[in-house]
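S.K.: mmCIF, C-alpha atoms, file work10.cif:
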data_final
#
loop_
_atom_site.label_atom_id
_atom_site.label_comp_id
_atom_site.auth_asym_id
_atom_site.auth_seq_id
_atom_site.Cartn_x
_atom_site.Cartn_y
_atom_site.Cartn_z
CA MET L 1 27.22 12.32 9.50
CA GLN L 2 23.49 12.58 8.80
CA ASN L 3 21.08 11.80 11.63
CA PHE L 4 18.05 9.71 10.65
CA ILE L 5 15.20 9.00 13.06
CA PHE L 6 13.15 5.94 12.09
CA ILE L 7 9.75 5.80 13.78
CA SER L 8 8.51 2.27 14.61
CA PRO L 9 11.40 0.43 12.91
CA ASN L 10 10.13 -2.90 14.24
CA PHE L 11 6.83 -2.88 12.32
CA PRO L 12 6.26 -4.13 9.72
CA THR L 13 8.79 -6.78 10.66
CA ASN L 14 10.75 -6.44 7.39
CA TYR L 15 11.44 -2.70 7.89
CA TRP L 16 14.67 -3.37 9.75
CA GLN L 17 16.16 -3.70 6.27
CA PHE L 18 15.63 0.02 5.64
CA CYS L 19 17.62 0.71 8.81
CA ARG L 20 20.38 -1.73 7.83
CA GLU L 21 20.93 -0.06 4.48
CA LEU L 22 20.91 3.42 6.03
CA LYS L 23 23.54 2.37 8.55
CA ASN L 24 25.60 0.70 5.82
CA ASN L 25 25.55 4.04 4.02
CA GLY L 26 27.08 5.78 7.03
CA LEU L 27 24.00 7.40 8.55
CA ASN L 28 23.40 7.63 12.28
CA VAL L 29 20.19 5.57 12.58
CA LEU L 30 18.06 6.33 15.63
CA GLY L 31 14.93 4.30 16.35
CA ILE L 32 11.84 5.27 18.33
CA GLY L 33 9.32 2.53 19.11
CA ASP L 34 7.08 1.02 21.76
CA GLN L 35 8.56 -2.49 21.78
CA PRO L 36 11.08 -3.25 24.55
CA TYR L 37 14.64 -3.21 23.24
CA GLU L 38 15.33 -6.77 24.35
CA GLU L 39 12.41 -7.98 22.19
CA LEU L 40 13.70 -6.38 18.98
CA LYS L 41 15.00 -8.68 16.24
CA PRO L 42 18.78 -9.05 16.46
CA GLU L 43 19.03 -7.77 12.88
CA LEU L 44 17.21 -4.57 13.86
CA LYS L 45 19.38 -4.04 16.95
CA ALA L 46 22.46 -4.31 14.75
CA SER L 47 20.99 -1.77 12.33
CA LEU L 48 20.39 0.98 14.92
CA ASN L 49 22.90 3.27 16.57
CA GLU L 50 20.46 3.90 19.41
CA TYR L 51 16.87 3.03 20.31
CA TYR L 52 14.45 5.04 22.45
CA LYS L 53 11.47 3.13 23.85
CA VAL L 54 8.23 4.99 24.47
CA ASN L 55 5.22 3.57 26.28
CA SER L 56 2.96 4.42 23.35
CA LEU L 57 3.64 5.80 19.88
CA GLU L 58 0.12 7.23 20.05
CA ASN L 59 1.29 9.64 22.77
CA TYR L 60 2.68 12.64 20.89
CA ASP L 61 4.33 14.15 23.95
CA GLU L 62 6.34 10.99 24.56
CA VAL L 63 7.51 10.76 20.96
CA TYR L 64 8.25 14.51 20.93
CA ARG L 65 10.48 14.07 24.00
CA ALA L 66 12.27 11.18 22.30
CA VAL L 67 13.05 13.34 19.24
CA ALA L 68 14.15 16.17 21.54
CA PHE L 69 16.51 13.78 23.35
CA PHE L 70 18.10 12.62 20.10
CA THR L 71 18.41 16.23 18.95
CA PHE L 72 20.16 17.21 22.18
CA LYS L 73 22.50 14.20 22.02
CA TYR L 74 23.32 14.07 18.30
CA GLY L 75 22.53 17.53 16.97
CA ARG L 76 20.30 18.52 14.07
CA ILE L 77 18.04 15.76 12.75
CA ASP L 78 18.29 15.48 8.95
CA TRP L 79 15.56 12.92 8.32
CA LEU L 80 12.54 11.55 10.16
CA GLU L 81 10.44 8.77 8.59
CA SER L 82 8.33 5.75 9.46
CA ASN L 83 7.53 4.67 5.87
CA ASN L 84 4.18 3.72 7.40
CA GLU L 85 0.76 5.06 6.37
CA TYR L 86 -0.50 5.05 9.95
CA TRP L 87 2.16 7.47 11.12
CA LEU L 88 2.32 9.87 8.14
CA GLU L 89 0.57 12.71 9.94
CA ARG L 90 2.61 12.11 13.10
CA ASP L 91 5.81 12.15 11.05
CA ALA L 92 4.80 15.44 9.43
CA ALA L 93 3.95 17.03 12.80
CA LEU L 94 7.34 16.06 14.23
CA ARG L 95 9.18 17.38 11.17
CA THR L 96 7.27 20.64 11.42
CA ASP L 97 7.91 21.03 15.13
CA PHE L 98 11.62 20.25 14.82
CA HIS L 99 12.20 22.10 11.52
CA ILE L 100 13.19 18.94 9.63
CA THR L 101 12.68 20.04 6.04
CA SER L 102 13.50 16.81 4.18
CA GLY L 103 9.91 15.53 4.13
CA PHE L 104 6.24 16.48 4.15
CA GLN L 105 5.11 19.07 6.70
CA THR L 106 1.76 19.37 8.48
CA SER L 107 0.56 21.83 5.83
CA ASP L 108 1.07 19.13 3.16
CA MET L 109 -1.17 16.57 4.82
CA PRO L 110 -4.62 17.43 3.38
CA ARG L 111 -3.72 16.64 -0.23
CA ILE L 112 -1.98 13.38 0.59
CA LYS L 113 -4.24 12.03 3.34
CA TYR L 114 -7.78 13.11 2.44
CA LYS L 115 -9.25 11.17 -0.45
CA SER L 116 -11.47 14.09 -1.44
CA LYS L 117 -8.46 16.44 -1.66
CA MET L 118 -6.42 13.97 -3.71
CA LYS L 119 -8.87 14.21 -6.60
CA GLU L 120 -7.94 17.80 -7.39
CA TYR L 121 -4.27 16.88 -7.82
CA TYR L 122 -5.06 13.80 -9.88
CA GLN L 123 -7.21 15.96 -12.15
CA LYS L 124 -4.38 18.47 -12.50
CA ALA L 125 -2.28 15.55 -13.72
CA GLY L 126 -4.91 14.74 -16.33
CA ILE L 127 -6.02 11.50 -14.66
CA ALA L 128 -9.72 10.66 -14.46
CA THR L 129 -11.34 10.25 -11.03
CA ALA L 130 -14.58 8.72 -9.79
CA ARG L 131 -17.39 11.13 -8.95
CA TYR L 132 -17.86 11.64 -5.21
CA HIS L 133 -20.05 13.14 -2.51
CA MET L 134 -19.16 13.92 1.08
CA VAL L 135 -21.61 11.95 3.20
CA ASP L 136 -24.17 14.20 4.86
CA ASP L 137 -27.79 13.08 5.29
CA LEU L 138 -30.09 10.59 3.59
CA ALA L 139 -31.48 13.15 1.15
CA GLY L 140 -28.03 14.35 0.08
CA CYS L 141 -26.71 10.81 -0.38
CA LYS L 142 -29.79 9.70 -2.32
CA ALA L 143 -29.42 12.70 -4.63
CA PHE L 144 -25.85 11.59 -5.39
CA VAL L 145 -26.97 7.98 -5.94
CA ALA L 146 -29.60 9.27 -8.36
CA GLN L 147 -26.72 10.62 -10.49
CA VAL L 148 -24.34 7.65 -10.37
CA GLY L 149 -26.54 4.67 -9.49
CA TYR L 150 -25.90 1.80 -7.08
CA PRO L 151 -23.58 0.38 -5.94
CA VAL L 152 -21.58 3.11 -4.27
CA VAL L 153 -18.56 2.84 -1.98
CA VAL L 154 -18.24 4.76 1.29
CA LYS L 155 -15.10 5.04 3.42
CA PRO L 156 -13.43 7.50 5.80
CA ASP L 157 -12.09 10.50 3.91
CA ASN L 158 -8.91 10.13 5.95
CA GLY L 159 -8.44 6.39 6.34
CA VAL L 160 -5.77 3.71 6.11
CA GLY L 161 -6.14 0.95 3.54
CA ALA L 162 -9.59 -0.59 3.18
CA SER L 163 -10.52 -0.22 6.84
CA ASP L 164 -14.18 0.70 7.45
CA THR L 165 -14.98 0.59 3.72
CA HIS L 166 -18.54 -0.32 2.69
CA ARG L 167 -20.17 -1.19 -0.62
CA LEU L 168 -23.80 -0.09 -0.61
CA SER L 169 -26.24 -1.52 -3.15
CA SER L 170 -29.66 -0.29 -2.03
CA ASP L 171 -31.51 2.42 -0.12
CA LYS L 172 -31.86 -0.08 2.73
CA GLU L 173 -28.09 -0.54 2.98
CA LEU L 174 -27.59 3.23 2.74
CA LYS L 175 -29.93 3.82 5.68
CA GLU L 176 -28.16 1.09 7.67
CA PHE L 177 -24.79 2.70 6.98
CA LEU L 178 -25.99 6.15 8.03
CA ALA L 179 -27.34 4.69 11.27
CA TYR L 180 -24.00 2.92 11.86
CA LYS L 181 -22.07 6.14 11.20
CA GLU L 182 -24.28 8.14 13.54
CA LYS L 183 -23.88 5.60 16.33
CA GLU L 184 -20.24 4.56 15.95
CA HIS L 185 -18.42 7.43 14.17
CA PRO L 186 -20.50 10.60 14.31
CA ASP L 187 -17.44 12.87 13.99
CA VAL L 188 -15.73 11.01 11.13
CA ALA L 189 -16.01 12.46 7.63
CA TYR L 190 -16.89 9.83 5.02
CA ILE L 191 -16.60 10.06 1.27
CA MET L 192 -19.08 8.34 -1.06
CA GLU L 193 -17.87 7.42 -4.56
CA GLU L 194 -19.39 5.85 -7.61
CA PHE L 195 -18.41 2.21 -7.98
CA VAL L 196 -15.65 1.54 -10.49
CA ARG L 197 -15.64 -1.86 -12.18
CA ALA L 198 -11.93 -2.45 -12.28
CA GLU L 199 -8.85 -4.16 -10.93
CA VAL L 200 -6.27 -2.18 -8.96
CA ASN L 201 -2.92 -1.44 -10.59
CA SER L 202 -0.19 0.31 -8.64
CA TYR L 203 2.79 2.50 -9.39
CA ASP L 204 5.56 1.81 -6.88
CA ALA L 205 8.56 4.08 -7.15
CA ILE L 206 11.48 5.63 -5.31
CA ILE L 207 11.61 9.35 -6.03
CA ASP L 208 14.73 11.49 -5.63
CA ALA L 209 15.10 15.00 -4.22
CA HIS L 210 14.30 16.52 -7.62
CA GLY L 211 11.03 14.62 -8.03
CA ASN L 212 12.42 12.12 -10.52
CA PRO L 213 11.99 8.33 -10.24
CA ILE L 214 15.15 6.29 -9.77
CA PHE L 215 13.27 2.99 -9.56
CA GLU L 216 9.79 1.95 -10.77
CA ALA L 217 7.65 -1.19 -10.49
CA GLY L 218 3.98 -2.02 -10.03
CA ASN L 219 1.54 -4.60 -8.76
CA VAL L 220 -1.89 -5.83 -9.75
CA SER L 221 -4.69 -6.67 -7.30
CA PRO L 222 -7.42 -8.49 -9.25
CA VAL L 223 -9.59 -8.86 -6.12
CA SER L 224 -10.32 -5.68 -4.16
CA ILE L 225 -8.91 -5.36 -0.65
CA MET L 226 -12.39 -4.14 0.38
CA ASP L 227 -13.90 -7.49 -0.66
CA ILE L 228 -11.07 -9.49 0.95
CA VAL L 229 -11.58 -7.72 4.28
CA ASN L 230 -15.38 -7.64 4.24
CA ASN L 231 -15.86 -11.20 2.94
CA ASP L 232 -13.00 -12.83 4.87
CA ASP L 233 -11.58 -14.05 1.55
CA ASN L 234 -8.19 -15.32 0.51
CA SER L 235 -5.83 -12.67 -0.81
CA ILE L 236 -3.94 -12.52 -4.09
CA TYR L 237 -1.86 -9.88 -5.82
CA TYR L 238 1.31 -9.91 -7.84
CA ILE L 239 4.22 -7.76 -8.93
CA ILE L 240 3.85 -7.43 -12.67
CA LYS L 241 6.81 -8.54 -14.76
CA ASP L 242 6.96 -5.30 -16.75
CA LEU L 243 5.28 -2.05 -15.75
CA PRO L 244 2.70 -0.96 -18.37
CA GLU L 245 3.57 2.35 -20.01
CA ASP L 246 0.22 3.97 -19.16
CA THR L 247 0.71 3.12 -15.47
CA ARG L 248 4.22 4.55 -15.62
CA ALA L 249 2.98 7.75 -17.30
CA ALA L 250 0.13 8.19 -14.79
CA GLY L 251 2.46 7.55 -11.86
CA ARG L 252 5.02 10.06 -13.03
CA ALA L 253 2.34 12.68 -13.69
CA ALA L 254 0.93 12.18 -10.19
CA VAL L 255 4.41 12.48 -8.65
CA LYS L 256 4.78 15.91 -10.26
CA SER L 257 1.25 17.04 -9.37
CA PHE L 258 1.55 16.05 -5.70
CA GLY L 259 5.05 17.50 -5.38
CA VAL L 260 6.71 14.27 -4.23
CA LYS L 261 10.42 14.36 -3.37
CA SER L 262 12.76 11.96 -1.56
CA ARG L 263 10.18 9.24 -0.97
CA PHE L 264 9.18 5.67 -1.63
CA VAL L 265 5.59 5.87 -2.95
CA HIS L 266 2.71 3.54 -3.71
CA PHE L 267 0.07 5.09 -5.98
CA GLU L 268 -3.08 3.11 -6.68
CA PHE L 269 -5.06 3.28 -9.90
CA PHE L 270 -8.14 1.52 -11.16
CA ARG L 271 -7.78 -0.21 -14.51
CA MET L 272 -11.33 -0.38 -15.79
CA THR L 273 -12.57 -3.85 -16.72
CA GLU L 274 -15.57 -2.47 -18.63
CA ASN L 275 -16.69 0.81 -20.17
CA GLN L 276 -18.15 3.43 -17.81
CA ALA L 277 -19.47 6.59 -19.44
CA SER L 278 -18.46 8.90 -16.59
CA MET L 279 -14.80 7.79 -16.64
CA GLY L 280 -13.87 6.17 -19.92
CA LYS L 281 -13.31 2.89 -21.68
CA LYS L 282 -12.24 -0.57 -20.63
CA GLY L 283 -8.50 -0.65 -19.95
CA GLN L 284 -8.28 3.02 -19.01
CA ILE L 285 -6.44 4.18 -15.90
CA VAL L 286 -8.57 5.95 -13.25
CA ALA L 287 -7.21 7.45 -10.03
CA LEU L 288 -7.84 5.64 -6.75
CA GLU L 289 -5.52 7.11 -4.10
CA VAL L 290 -1.95 8.07 -3.33
CA ASN L 291 0.10 6.53 -0.53
CA MET L 292 3.28 8.36 0.36
CA ARG L 293 5.09 5.26 1.62
CA PRO L 294 6.10 1.83 0.34
CA CYS L 295 3.37 -0.65 -0.53
CA GLY L 296 2.38 -2.42 2.66
CA GLY L 297 3.41 -5.69 4.23
CA PHE L 298 6.03 -7.72 2.43
CA THR L 299 5.66 -6.01 -0.94
CA PRO L 300 9.16 -4.43 -0.86
CA ASP L 301 10.60 -7.94 -0.61
CA MET L 302 8.35 -9.08 -3.46
CA ILE L 303 9.61 -6.22 -5.62
CA ASP L 304 13.16 -7.36 -4.86
CA PHE L 305 12.31 -10.88 -6.02
CA ALA L 306 10.53 -9.59 -9.14
CA ARG L 307 13.40 -7.31 -10.19
CA SER L 308 16.43 -9.18 -8.83
CA THR L 309 17.46 -6.11 -6.84
CA ASN L 310 17.31 -4.50 -3.37
CA VAL L 311 14.81 -1.65 -3.01
CA TYR L 312 15.79 -1.14 0.63
CA LYS L 313 19.28 -0.21 -0.58
CA ILE L 314 17.97 1.88 -3.50
CA TRP L 315 15.85 3.89 -1.06
CA ALA L 316 18.73 4.26 1.43
CA ASP L 317 21.07 5.30 -1.40
CA MET L 318 18.56 7.98 -2.40
CA ILE L 319 18.53 9.25 1.18
CA ALA L 320 22.31 9.20 1.62
CA PHE L 321 23.60 10.06 -1.85
CA GLY L 322 20.65 11.30 -3.90
CA GLY L 323 20.84 8.35 -6.31
CA THR L 324 21.95 4.75 -6.60
CA ASP L 325 24.12 2.38 -8.59
CA MET L 326 22.22 -0.69 -7.36
CA PRO L 327 21.64 -2.92 -10.41
CA VAL L 328 18.26 -4.28 -11.47
CA GLY L 329 18.43 -7.80 -12.89
CA GLU L 330 16.11 -10.25 -14.59
CA HIS L 331 12.38 -9.54 -14.30
CA TYR L 332 9.81 -12.04 -13.01
CA TYR L 333 6.20 -12.18 -11.91
CA CYS L 334 6.16 -12.32 -8.12
CA ALA L 335 2.92 -13.78 -6.79
CA PHE L 336 1.48 -13.40 -3.30
CA ALA L 337 -1.19 -15.82 -2.10
CA GLY L 338 -2.68 -15.40 1.36
CA ARG L 339 -4.69 -18.38 2.59
CA ARG L 340 -7.45 -17.78 5.11
CA ASP L 341 -7.60 -20.15 8.09
CA GLY L 342 -10.70 -22.31 8.32
CA LYS L 343 -11.06 -23.05 4.60
CA SER L 344 -10.71 -26.54 3.19
CA PHE L 345 -7.93 -26.51 0.59
CA VAL L 346 -7.22 -29.23 -1.95
CA TYR L 347 -3.44 -29.11 -1.49
CA SER L 348 -1.75 -29.26 1.89
CA HIS L 349 1.06 -26.95 2.89
CA GLU L 350 3.54 -29.81 2.47
CA GLN L 351 2.28 -30.63 -1.02
CA LEU L 352 2.59 -27.03 -2.13
CA MET L 353 6.09 -26.73 -0.73
CA GLN L 354 7.15 -29.86 -2.57
CA LYS L 355 5.60 -28.85 -5.88
CA TYR L 356 6.85 -25.25 -5.85
CA GLN L 357 10.08 -25.60 -3.90
CA ASP L 358 12.11 -24.00 -6.71
CA ASN L 359 9.76 -21.01 -6.96
CA MET L 360 9.05 -20.21 -3.32
CA ARG L 361 10.72 -17.08 -1.96
CA MET L 362 8.81 -16.42 1.30
CA VAL L 363 6.56 -18.71 3.33
CA ASP L 364 5.29 -17.57 6.71
CA ARG L 365 2.38 -16.80 8.97
CA ILE L 366 1.02 -13.31 8.43
CA PRO L 367 1.11 -10.97 11.47
CA GLU L 368 -2.29 -10.49 13.07
CA ALA L 369 -2.24 -6.75 12.31
CA LEU L 370 -2.07 -7.51 8.56
CA SER L 371 -4.21 -10.65 8.39
CA GLY L 372 -7.49 -8.87 7.72
CA ALA L 373 -6.31 -7.73 4.30
CA MET L 374 -3.77 -10.47 3.57
CA GLY L 375 -5.01 -13.76 5.01
CA ASN L 376 -3.27 -15.92 7.62
CA GLN L 377 -0.71 -18.04 5.74
CA MET L 378 1.35 -16.49 2.95
CA TYR L 379 3.15 -17.95 -0.01
CA VAL L 380 5.35 -15.75 -2.21
CA ALA L 381 6.77 -17.24 -5.38
CA THR L 382 8.37 -16.06 -8.63
CA PHE L 383 7.62 -17.19 -12.18
CA SER L 384 8.95 -16.37 -15.63
CA THR L 385 5.55 -16.63 -17.32
CA ARG L 386 1.99 -15.67 -16.49
CA ASP L 387 0.78 -19.20 -17.24
CA GLU L 388 3.05 -20.58 -14.52
CA MET L 389 1.75 -17.97 -12.07
CA GLU L 390 -1.88 -18.78 -12.88
CA LYS L 391 -1.27 -22.47 -12.23
CA PHE L 392 0.31 -21.57 -8.88
CA TYR L 393 -2.75 -19.54 -7.85
CA SER L 394 -5.09 -22.33 -8.96
CA ASP L 395 -3.20 -24.85 -6.82
CA VAL L 396 -2.69 -22.71 -3.72
CA LEU L 397 -6.29 -21.51 -3.49
CA ALA L 398 -8.16 -24.59 -4.77
CA VAL L 399 -10.86 -25.55 -2.23
CA THR L 400 -12.78 -28.77 -1.65
CA ASP L 401 -16.01 -27.90 0.12
CA ALA L 402 -19.10 -26.78 -1.79
CA THR L 403 -19.58 -23.76 0.44
CA ASN L 404 -16.46 -22.25 -1.13
CA ALA L 405 -17.70 -22.71 -4.69
CA LYS L 406 -18.17 -18.95 -4.93
CA VAL L 407 -14.53 -18.38 -3.98
CA GLN L 408 -13.39 -20.84 -6.63
CA ALA L 409 -15.59 -19.22 -9.28
CA GLU L 410 -14.18 -15.79 -8.42
CA LEU L 411 -10.61 -17.10 -8.68
CA THR L 412 -11.36 -18.55 -12.12
CA LYS L 413 -12.81 -15.21 -13.19
CA VAL L 414 -9.77 -13.33 -11.89
CA LEU L 415 -7.26 -15.57 -13.64
CA ALA L 416 -9.19 -15.20 -16.89
CA LEU L 417 -8.47 -11.45 -16.94
CA GLY L 418 -5.03 -12.04 -18.42
CA GLU L 419 -2.49 -9.27 -18.84
CA PRO L 420 -3.77 -5.74 -18.08
CA GLU L 421 -5.51 -4.45 -21.18
CA THR L 422 -3.92 -1.02 -21.40
CA VAL L 423 -4.88 2.15 -23.14
CA LYS L 424 -2.07 4.07 -24.84
CA ALA L 425 -0.88 6.82 -22.51
CA GLU L 426 -1.40 10.41 -23.54
CA LYS L 427 1.77 12.45 -23.72
#
Translate the structure of the given file into structure tokens.

M.R.:
Amino acid sequence: MQNFIFISPNFPTNYWQFCRELKNNGLNVLGIGDQPYEELKPELKASLNEYYKVNSLENYDEVYRAVAFFTFKYGRIDWLESNNEYWLERDAALRTDFHITSGFQTSDMPRIKYKSKMKEYYQKAGIATARYHMVDDLAGCKAFVAQVGYPVVVKPDNGVGASDTHRLSSDKELKEFLAYKEKEHPDVAYIMEEFVRAEVNSYDAIIDAHGNPIFEAGNVSPVSIMDIVNNDDNSIYYIIKDLPEDTRAAGRAAVKSFGVKSRFVHFEFFRMTENQASMGKKGQIVALEVNMRPCGGFTPDMIDFARSTNVYKIWADMIAFGGTDMPVGEHYYCAFAGRRDGKSFVYSHEQLMQKYQDNMRMVDRIPEALSGAMGNQMYVATFSTRDEMEKFYSDVLAVTDATNAKVQAELTKVLALGEPETVKAEK
């Protein structure tokens, strides 16, 4: 029997399903988390063979002792994963220390965690990247801006999601950012990149032990997470009905370049919405960043709805058997809409539920830890056509007060983009 340690199986709240499918496949599933056992969801309790509570997952010594305990009790650990961006480096350190060779080691971390290091591997895969500069002083940053022009985007070189990401549009804003960095994060390395006028397209895949995809999908984020977080906006993104071939080709090339094996991955690409001389033409794929874990939040469930399948089982089958016979059924668009509290919406919750009762797949409050990027109230629904999905977005996010006119105008602009305008992939 294989021993699998799942770090933080209780968060995100849907991750218990990974544990369930592992256990169904005959693995010994061992959880390590900081939530008291009695507070775990009943479904998670039933999916674990044993749970070890630590006071803090941030305390490496505590987590190390938990892994040592499981090793002593059950023997060699075959797998250790959290499927969570926040814990990737911790996972790698534990694998390295306990000689668990089924996943990334500490030596692998720079190329998959540092945005500046990722660019080299994207370029090896033949995928264009935005020009960048490691933030130093005012003179160095202004010299870079002189090459690429404003706006520029700055963010931690090793960061999670869109946290602490800034769009700078003037020398004044640049000086303010440098003062903020010096005061608040003097020891954090930041990367500055030219601004890419684009929407975000993703490649979401489950990769087997030989580096080959056994399942592929993708989502589109017409509004940047950076803008959603910084402007306190509503959130929208959707699983695309059929993955564009250029996204598929870029994703597969990146998998090979980064040496990905036995993982669920979420690779992000820009799809340019206008020509930019330094990167290419409208519709072209440009690298953004790699994430060596499933797309965040409830996206795995959305992929299930969009493909009439179970990606939790496909992933667990890959772990247990190296492949899967889980069928993929009819394809749909699966739309996520995250409403922000405090806005005045045209349609009430009850009206939306009545109108879209046949389409709704998930309706819930968004956990506080995810609300910055995803809003406060979520609606997930499936549609056979893009027109139906656009009408859904128009209804869910329609606002009444004049102060939100800008939000409404942006939504109209987003929905006018239509299907991704792709560029034929190079072989």

S.K.: Would you write out, as an MDAnalysis selection string, every residue that the PyMOL selection byres ((chain L and resi 282) around 9) captures in this file?

M.R.: chainID L and resid 198 271:276 280:281 283:285 421:423

S.K.: When you draw a straight line from CA of Glu289 (chain L) to CA of His185 (chain L), how long is it in Å?

M.R.: 22.4 Å

S.K.: Which residues would end up in the selection if the PyMOL selection byres ((chain L and resi 308-311) around 7) were applied here, given that I need the answer as a ChimeraX atom specification?

M.R.: /L:300,304-307,312-315,327-331

S.K.: Using the chain letters and numbers from this file, what does the PyMOL selection byres ((chain L and resi 45) around 12) select? Give the answer as number ranges by chain.

M.R.: L: 9-10, 16-17, 19-20, 23, 29-31, 35-44, 46-52

S.K.: Using all atoms listed in the file, find the one residue out of L:Leu138, L:Val396, L:Leu94, L:Met389 that sits nearest to Gln351 (chain L).

M.R.: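 Closest to Gln351 (chain L), using all atoms listed in the file: L:Val396.
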
S.K.: Which is closest to Met118 (chain L) among L:Gln147, L:Ser163, L:Asn158, L:Asn25, if we use only C-alpha atoms?

M.R.: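 Among the listed residues, the smallest separation from Met118 (chain L) belongs to L:Asn158.
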
S.K.: Quick one: everything within 10 Å of region 246-257 of chain L, counting only C-alpha atoms, minus sequence neighbours fewer than 3 positions away in the same chain. Send it as a PyMOL selection string.

M.R.: chain L and resi 118+120-127+201-205+207+210-213+216-218+243+260-261+265-271+283-287+290+292+422-427

S.K.: Taking into account only C-alpha atoms, which residue in the set L:Phe195, L:Phe298, L:Tyr379, L:Tyr180 is nearest to Pro151 (chain L)?

M.R.: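 Of all the options, L:Phe195 lies closest to Pro151 (chain L).
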
S.K.: Rank L:Pro156, L:Gln354, L:Glu58, L:Val148 by their smallest atom-to-atom distance to Pro186 (chain L), using all atoms listed in the file, and report the top residue only.

M.R.: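 Result for the nearest residue to Pro186 (chain L): L:Pro156.
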
S.K.: Nearest to Phe383 (chain L): which of L:Tyr238, L:Phe321, L:Phe264, L:Phe6 is it, counting all atoms listed in the file?

M.R.: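 Of L:Tyr238, L:Phe321, L:Phe264, L:Phe6, the one nearest Phe383 (chain L), counting all atoms listed in the file, is L:Tyr238.
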
S.K.: Please determine, counting all atoms listed in the file, which residue among L:Asp395, L:Asp208, L:Asp61, L:Glu81 has the shortest atom-to-atom distance to Phe345 (chain L).

M.R.: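 Closest candidate: L:Asp395.
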
S.K.: What does the distance between CA of Phe215 (chain L) and CA of Gly297 (chain L) come to in Å, to one decimal place?

M.R.: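 Taking CA of Phe215 (chain L) as the start and CA of Gly297 (chain L) as the end point, the length is 19.0 Å.
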
S.K.: Between CA of Leu397 (chain L) and CA of Pro294 (chain L), what is the distance in Å, rounded to a tenth?

M.R.: 26.7 Å

S.K.: Could you give me, as a PyMOL selection string, the residues within 12 Å of Asp137 (chain L), counting only C-alpha atoms and dropping anything in the same chain fewer than 6 positions from it?

M.R.: chain L and resi 143-144+174-175+177-179+181-182+186+190+192

S.K.: Considering only C-alpha atoms, return as a PyMOL selection string whatever protein or nucleic-acid residues lie within 12 Å of Ser102 (chain L), sequence-local ones (same chain, fewer than 4 positions apart) excluded.

M.R.: chain L and resi 2-5+77-81+91-92+94-96+98+208-210+260-263+319-320

S.K.: Which residues, written as an mmCIF file with C-alpha atoms, in the frame of the given file, have at least one atom at most 12 Å from Met134 (chain L), with only C-alpha atoms counted and residues fewer than 5 positions away on the same chain left out?

M.R.:
data_model
loop_
_atom_site.group_PDB
_atom_site.id
_atom_site.type_symbol
_atom_site.label_atom_id
_atom_site.label_comp_id
_atom_site.auth_asym_id
_atom_site.auth_seq_id
_atom_site.Cartn_x
_atom_site.Cartn_y
_atom_site.Cartn_z
ATOM 1 C CA TYR L 114 -7.780 13.110 2.440
ATOM 2 C CA LYS L 115 -9.250 11.170 -0.450
ATOM 3 C CA SER L 116 -11.470 14.090 -1.440
ATOM 4 C CA LYS L 117 -8.460 16.440 -1.660
ATOM 5 C CA GLY L 140 -28.030 14.350 0.080
ATOM 6 C CA CYS L 141 -26.710 10.810 -0.380
ATOM 7 C CA LYS L 142 -29.790 9.700 -2.320
ATOM 8 C CA ALA L 143 -29.420 12.700 -4.630
ATOM 9 C CA PHE L 144 -25.850 11.590 -5.390
ATOM 10 C CA VAL L 153 -18.560 2.840 -1.980
ATOM 11 C CA VAL L 154 -18.240 4.760 1.290
ATOM 12 C CA LYS L 155 -15.100 5.040 3.420
ATOM 13 C CA PRO L 156 -13.430 7.500 5.800
ATOM 14 C CA ASP L 157 -12.090 10.500 3.910
ATOM 15 C CA ASN L 158 -8.910 10.130 5.950
ATOM 16 C CA VAL L 188 -15.730 11.010 11.130
ATOM 17 C CA ALA L 189 -16.010 12.460 7.630
ATOM 18 C CA TYR L 190 -16.890 9.830 5.020
ATOM 19 C CA ILE L 191 -16.600 10.060 1.270
ATOM 20 C CA MET L 192 -19.080 8.340 -1.060
ATOM 21 C CA GLU L 193 -17.870 7.420 -4.560
ATOM 22 C CA GLU L 194 -19.390 5.850 -7.610
#

S.K.: Would you pick out the contacts of Arg65 (chain L) at 12 Å or less, using all atoms listed in the file, so that residues sharing its chain but fewer than 5 positions from it are not included, and give the list as a list in words?

M.R.: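 My reading of the contact set: Ile32, Tyr52, Lys53, Val54, Asn55, Leu57, Asn59, Tyr60, Phe70, Thr71, Phe72, Leu94, Asp97 and Phe98 of chain L.
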